[in-house]
Amino acid sequence: MSDRSERLSVLKTYKLFVGGKFPRSESGRVYEVTDAKDRWLANAPQASRKDARDAVVAARKAFGGWSGATAYNRGQILYRVAEMLEGRREQFVREVADAEGLSKSKAGAQVDAAVDRWVWYAGWSDKVAQIAGSANPVAGPYFNLSSPEPTGVVAVLAPQDSSFLGLVSVIAPAIVTGNTTVVVGSEDRPLPALSLGEVLATSDLPGGVVNVLSGRTAEIAAPLASHQDVNAFDLTGAAPELAAELEAAAAENLKRVVRPQAVDWTADPGTRRMLSFLETKTVWHPMGV
Amino acid sequence: MADVTASDGALRRFLHGLPGVDAVGLQVRAATLGTRSIKTTAKAYAIDLAISMIDLTTLEGADTPGKVRALCAKGAHPDPTDRTVPKVAAICVYGDMVATAKEALASASGSDIHVAAVATAFPSGRAAMPVKLADTRDAVAAGADEIDMVIDRGAFLSGRYLDVFEEIKQVKEACARPDGGAAHLKVIFETGELQTYDNVRRASWLAMLAGADFIKTSTGKVAVNATPPVTLLMLEAVRDFRAATGVQVGVKPAGGIRTSKDAIKYLVMVNETLGEEWLTADWFRFGASSLLNDLLMQRQKLRTGHYSGPDYMTVD
Amino acid sequence: MAPTTPTKPMTFAYAPAPESRSVVDIAPSYGLFINGEFTEAADGKVFKTISPSSEEVLSEVAQATAEDVDRAVKSARKAFESWSALPGSERAKYLFRIARVIQERSRELAVLESLDNGKPIRESRDADLPLVAAHFFYYAGWADKLAHAGYGPDPRPLGVAGQVIPWNFPLLMLAWKIAPALAAGNTVVLKPAETTPLSALFFADICRQAGLPKGVVNIITGDGATGAELVGHPGIDKVAFTGSTEVGKAIARTVAGTSKKVTLELGGKAANIVFDDAPIDQAVEGIVNGIFFNQGHVCCAGSRLLVQESVQDELLDALKRRMRTLRVGDPLDKNTDVGAINSAEQLARIRTLAEAGEAEGAERWAPDCELPGSGFWFAPTLFTGVTQAHRIAREEIFGPVLSVLTFRTPEEAVAKANNTPYGLSAGIWTEKGSRILWMASRLRAGVVWSNTFNKFDPTSPFGGYKESGYGREGGRHGLEAYLDV
């Protein structure tokens with residue numbers, strides 16, 4: 001760090017990303033975000049239960065259009081996210097390096113992997129139905145087909161450690177199939193998540209498909225877990241005790257729950273996350289003249 | 001309902017506006033009704049009812065007066081050893097055998113048994129209209145109580161519904177007798193040739209609109225004759241026609257019904273689709289020949305408690 | 001016209017056609033089937049199981065305690081080691097054997113099921129038992145093909161499955177649970193419903209005849225407390241439950257924070273949607289089959305009829321006419337269409353909701369039908385003038401009670417059909433193919449029957465959206481519930 005800056009840089013006020021807009025927390029609260037060496041980076045919005053509620057409303061509103069879009073269209077939009085990210089690579093490398101205490105090159109590898117992950121999932125949009133569906137040879141004169149459909153609104157607690165690659169690795173599989181999401185970024189490392197909102201806003205992704213909140217995970221997660229209009233909950237970023245509490249609360253409307261488990265975010269993600277937020281619909285139709 | 005036959009277009013719109021038939025659903029319903037278990041008193045009742053509903057039939061090129069007389073004797077006294085057996089409903093023959101059948105029935109004390117004649121260039125229906133009408137008038141003049149006509153399936157399948165309508169109407173007129181009465185008209189669709197259930201429903205309404213007294217499935221001369229689903233569909237049609245017009249029409253499945261078990265399945269369909277009002281020979285018939293002996297065998301089994309054999313049934 | 005109709009003054013009244021009870025030999029009492037042997041409950045407690053059509057006591061069965069549950073889980077755990085190590089082809093052969101023995105004994109089992117459950121023999125004989133055998137036959141074939149199921153090159157079983165099943169299709173739900181579990185290499189502890197334990201206990205004997213290794217299948221009988229013990233037991237790796245949404249939620253809370261995998265197949269309030277261009281006679285059959293099949297004790301029952309206003313009168317006339325021909329009575333009579341309500345408790349629930357329907361202003365109609373004097377009975381009933389606000393349009397009645405609502409446009413039909421926390425099944429009746437596909441894609445339900453209803457097949461995945469539960473049973477999808485994926 002130089003002690004004689006050539007000019008004073010312009011800092012960014014980080015904001016939430018809800019319904020395609022960038023509101024501050026309705027509570028007006030912020031909290032200090034520091035880097036790995038405890039140096040101040042920014043004041044992040046500390047989202048409240050009402051912000052969570054607003055985000056669920058936005059996600060629900062977006063669900064019909066996004067789930068009804070063609071798989072080809074969704075794939076193109078996810079690819080567009082990768083394109084936009086590539087162009088802002090340096091910013092994310094810096095934010096990830098700060099957040100996770102990584103060297104520039106290690107942070108760069110994380111960001112590159114994240115871009116590649118968007119590309120990987122983009123390609124899944126029009127293939128997942130082919131691997132998750134089936135034509136069922138029932139013993140009778142019926143045409144019988146099972147196809148996957150998105151579960152609905154998915155609340156996602158992003159991983160606490162991997163502030164960007166982990167984040168992307170939990171958002172993309174949920175939305176590629178047509179779900180909409182309310183994502184709670186890493187509590188101590190929320191800035192890459194908040195910046196991702198800015199990328200998503202310029203990637204043709206309809207407002208409300210991804211909503212990004214920052215703040216105290218437990219505080220925001222509780223109303224999401226008990227929210228009757230949330231259909232699924234990815235608990236990846238919850239500590240064991242909190243995860244158990246949230247899972248119990250999520251039982252009230254039988255949310256589909258993905259429990260936290262150790263994940264190597266750099267490894268091949270497989271299809272498990274995508275399949276976790278899909279319902280199988282089986283349609284029967286008689287065959288006769 | 002007169003409007004719907006005002007023009008070819010109106011008739012087509014009406015017939016194609018009838019509710020569709022889901023083939024699989026219809027077949028499942030017919031099969032389910034076929035699982036009814038008819039035992040003891042119900043079986044005895046059903047067997048006698050079935051016998052009384054038979055149009056005992058011979059429609060062979062090799063028919064002779066002798067063959068027809070034997071059939072008439074059988075119809076009047078199905079089981080010579082048991083006078084409690086009911087008579088059949090009718091003897092069904094070609095038009096040239098009507099007079100023979102009338103005489104034979106009279107001498108076998110079966111003059112209350114009707115004589116039905118197939119007409120209109122049975123079984124193909126391929127003849128000029130004057131020929132079909134002459135065929136009909138001839139049989140009526142010979143004393144036929146009932147006329148079993150075939151429709152022009154070619155006309156029906158090519159969508160000339162009004163032609164078929166007019167054909168039935170004219171044959172109906174030809175059924176009139178000088179005394180002011182008329183032979184009852186059964187209209188045969190040859191459902192095996194109509195192929196689809198939607199066609200069967202349309203043909204049913206078409207025939208009923210034209211004045212059919214009975215609608216009948218088949219000639220017995222093609223590969224696919226009466227089936228339970230087709231008959232069920234026709235039962236639904238007469239039910240709906242009466243609800244719409246107040247006019248009751250009878251139904252006759254014909255061809256391929258050979259066992260008591262099958263006949264009872266048909267009676268169950270009538271019972272659960274139309275009820276008691278149709279459960280008489282006035283409104284339901286079986287076009288059959290070998291069915292009678294099987295009914296008689298089953299009847300003997302019920303009466304005596306042991307199984308009978310074909311040697312104990314008369315062959316005619 | 002023809003004067004030859006028999007003059008006997010009788011109608012075509014079907015004489016009684018009772019299926020013989022002698023094909024089934026029910027013992028006076030049954031123990032718990034643990035580690036291949038029948039044993040008494042630890043505290044010796046028993047309860048009675050009765051025939052709901054007569055209230056006759058059929059047998060006494062053991063009430064399993066926590067100690068018994070523990071014993072059963074340990075037995076299954078021990079058996080897991082060798083069972084999961086068997087080549088898939090060997091497991092397959094055991095399951096094929098079971099399927100065959102079920103086919104051989106299907107008449108006996110059908111009669112037993114009708115006795116203990118109250119369902120008509122026509123259904124237990126023609127629906128339940130053929131599907132039970134088919135389910136084992138289907139999953140038998142998967143046991144040595146798991147690597148091709150799309151769950152990775154070498155998918156592993158989970159371990160011990162704790163399975164709790166309902167009383168509406170006792171043996172069929174057992175098949176849905178046990179067949180895929182065993183095919184995937186798991187061992188099981190299964191608890192049948194309190195009111196219908198017998199067919200599961202007979203299944204224990206089928207396992208014996210098939211030579212299934214001890215402890216692979218354990219059957220414990222008891223009430224809800226026994227089920228809760230099983231679900232909460234730390235030694236199980238998997239919970240599979242079919243039953244009410246209320247209990248399903250309790251189970252989801254119980255397993256929170258554990259590593260137990262869960263599948264839940266819960267309640268429903270399915271819409272059966274009839275458009276004005278429907279094949280009307282088949283639609284009427286579908287409606288009847290949708291709500292009166294198995295006395296309406298069906299989670300996917302078409303309990304809400306949504307009919308387009310323009311055909312409402314015509315359809316309801318036809319439906320009432322058809323309902324008048326339903327034969328309610330002795331489940332063992334081969335001509336019975338609607339049997340007994342499974343229990344006094346369930347009958348009380350149906351009555352309460354039907355009374356609520358009347359109190360809320362819906363119009364109640366039922367055909368004249370004489371109900372037997374003893375046992376639990378409820379006439380096939382329909383309510384007209386029902387709106388989405390009525391309890392009978394929202395709550396699962398689980399009985400022969402149909403609520404009739406109307407709609408004007410396809411959009412309205414979809415909105416009303418989806419306006420429920422449930423999402424198990426739906427029906428569509430229209431002759432227009434493109435409308436079927438449009439509707440099917442918008443209905444939030446796991447099974448959509450178009451121009452048919454209540455069809456089941458082992459190859460066809462079954463399960464719900466929303467509060468109707470999660471996971472699928474049947475087909476390739478049904479394997480996932482029992483594999484570590």
# chains A, B, ... in the order shown; residues from 1 in each chain; ligands from 1
call {"tool": "closest_atom_pairs", "arguments": {"of": "chain C", "to": "chain A", "cutoff": "6 Å", "atoms": "only C-alpha atoms", "output": "JSON lines"}}
result
{"residue": "C:Lys249", "atom": "CA", "partner": "A:Ala251", "partner_atom": "CA", "distance": 5.3}
{"residue": "C:Ala252", "atom": "CA", "partner": "A:Ala251", "partner_atom": "CA", "distance": 5.3}
{"residue": "C:Arg253", "atom": "CA", "partner": "A:Ala248", "partner_atom": "CA", "distance": 4.4}
{"residue": "C:Ala256", "atom": "CA", "partner": "A:Ala244", "partner_atom": "CA", "distance": 5.2}
{"residue": "C:Gly257", "atom": "CA", "partner": "A:Ala244", "partner_atom": "CA", "distance": 3.9}
{"residue": "C:Gly446", "atom": "CA", "partner": "A:Lys281", "partner_atom": "CA", "distance": 4.4}
{"residue": "C:Val447", "atom": "CA", "partner": "A:Thr282", "partner_atom": "CA", "distance": 4.7}
{"residue": "C:Val448", "atom": "CA", "partner": "A:Val283", "partner_atom": "CA", "distance": 4.7}
{"residue": "C:Trp449", "atom": "CA", "partner": "A:Trp284", "partner_atom": "CA", "distance": 4.9}
{"residue": "C:Ser450", "atom": "CA", "partner": "A:His285", "partner_atom": "CA", "distance": 5.2}
{"residue": "C:Asp457", "atom": "CA", "partner": "A:Val138", "partner_atom": "CA", "distance": 5.8}
{"residue": "C:Thr459", "atom": "CA", "partner": "A:Asn136", "partner_atom": "CA", "distance": 5.6}
{"residue": "C:Ser460", "atom": "CA", "partner": "A:Asn136", "partner_atom": "CA", "distance": 5.7}
{"residue": "C:Glu467", "atom": "CA", "partner": "A:Leu254", "partner_atom": "CA", "distance": 5.6}
call {"tool": "closest_atom_pairs", "arguments": {"of": "chain B", "to": "chain A", "cutoff": "9 Å", "atoms": "only C-alpha atoms", "output": "CSV"}}
result
residue,atom,partner,partner_atom,distance
B:Val21,CA,A:Val289,CA,8.6
B:Asp22,CA,A:Gly288,CA,7.1
B:Ala23,CA,A:Gly288,CA,5.1
B:Val24,CA,A:Gly288,CA,5.9
B:Gly25,CA,A:Pro286,CA,7.9
B:Gln195,CA,A:Val289,CA,8.4
B:Thr196,CA,A:Val289,CA,5.9
B:Tyr197,CA,A:Val289,CA,7.2
B:Asp198,CA,A:Val289,CA,8.2
call {"tool": "interface_residues", "arguments": {"of": "chain B", "to": "chain C", "cutoff": "6 Å", "atoms": "only C-alpha atoms", "output": "PyMOL selection string"}}
result
chain B and resi 19-22+25+36+39+42+52+280+282
call {"tool": "write_last_selection", "arguments": {"atoms": "C-alpha atoms", "output": "mmCIF file, in the first residue's frame"}}
result
data_model
loop_
_atom_site.group_PDB
_atom_site.id
_atom_site.type_symbol
_atom_site.label_atom_id
_atom_site.label_comp_id
_atom_site.auth_asym_id
_atom_site.auth_seq_id
_atom_site.Cartn_x
_atom_site.Cartn_y
_atom_site.Cartn_z
ATOM 1 C CA PRO B 19 -69.496 -35.030 -26.986
ATOM 2 C CA GLY B 20 -66.371 -36.937 -27.943
ATOM 3 C CA VAL B 21 -65.724 -40.471 -26.810
ATOM 4 C CA ASP B 22 -62.533 -41.348 -25.020
ATOM 5 C CA GLY B 25 -62.263 -44.744 -20.820
ATOM 6 C CA ARG B 36 -70.126 -58.107 -12.295
ATOM 7 C CA LYS B 39 -75.256 -65.663 -9.544
ATOM 8 C CA ALA B 42 -80.108 -63.269 -10.797
ATOM 9 C CA SER B 52 -86.402 -63.964 -24.791
ATOM 10 C CA THR B 280 -87.252 -56.273 -22.347
ATOM 11 C CA ASP B 282 -89.065 -54.596 -26.954
#
call {"tool": "closest_residue", "arguments": {"among": "A:Glu86, A:Glu6, A:Glu219, A:Asp204", "to": "Glu187 in chain A", "atoms": "only C-alpha atoms"}}
result
A:Glu219
call {"tool": "residues_around", "arguments": {"residues": "range 78-92 of chain B", "least_positions_apart": "6", "cutoff": "6 Å", "atoms": "only C-alpha atoms", "output": "list in words"}}
result
Ile51, Ser52, Met53, Ile54, Asp55, Leu56, Thr57, Ile113, His114, Val115, Ala116 and Ala117 of chain B
call {"tool": "residues_around", "arguments": {"residues": "Glu123 in chain C", "least_positions_apart": "2", "cutoff": "12 Å", "atoms": "only C-alpha atoms", "output": "PyMOL selection string"}}
result
(chain B and resi 32+35) or (chain C and resi 107+110-111+113-114+117-121+125-131+168-169+172+289+292-295+331-339)
call {"tool": "select_by_dssp", "arguments": {"residues": "range 9-193 of chain A", "states": "strand (DSSP E or B)", "output": "PyMOL selection string"}}
result
chain A and resi 17-18+21+30-34+40-45+134-135+142-150+153-157+180-184
call {"tool": "residues_around", "arguments": {"residues": "Arg442 in chain C", "least_positions_apart": "4", "cutoff": "12 Å", "atoms": "only C-alpha atoms", "output": "MDAnalysis selection string"}}
result
(chainID A and resid 64 67:68 149:150 281 283) or (chainID C and resid 410:418 423 426 428 435:438 446 448)
call {"tool": "residues_around", "arguments": {"residues": "Thr202 in chain A", "least_positions_apart": "6", "cutoff": "10 Å", "atoms": "only C-alpha atoms", "output": "list in words"}}
result
Gly20, Arg80, Val81 and Met84 of chain A
call {"tool": "atom_distance", "arguments": {"atom1": "CA of Thr245 in chain C", "atom2": "CA of Gly464 in chain C"}}
result
11.1 Å
call {"tool": "residues_around", "arguments": {"residues": "Pro192 in chain A", "least_positions_apart": "2", "cutoff": "7 Å", "atoms": "only C-alpha atoms", "output": "PyMOL selection string"}}
result
chain A and resi 92+95-96+163-164+190+194-196
call {"tool": "atom_distance", "arguments": {"atom1": "CA of Gly185 in chain A", "atom2": "CA of Leu213 in chain A"}}
result
6.2 Å
call {"tool": "select_by_dssp", "arguments": {"residues": "range 144-182 of chain B", "states": "alpha helix (DSSP H)", "output": "list in words"}}
result
Arg153, Gly154, Ala155, Phe156, Leu157, Tyr161, Leu162, Asp163, Val164, Phe165, Glu166, Glu167, Ile168, Lys169, Gln170, Val171, Lys172, Glu173 and Ala174 of chain B
call {"tool": "atom_distance", "arguments": {"atom1": "CA of Ala226 in chain B", "atom2": "CA of Arg258 in chain B"}}
result
11.0 Å
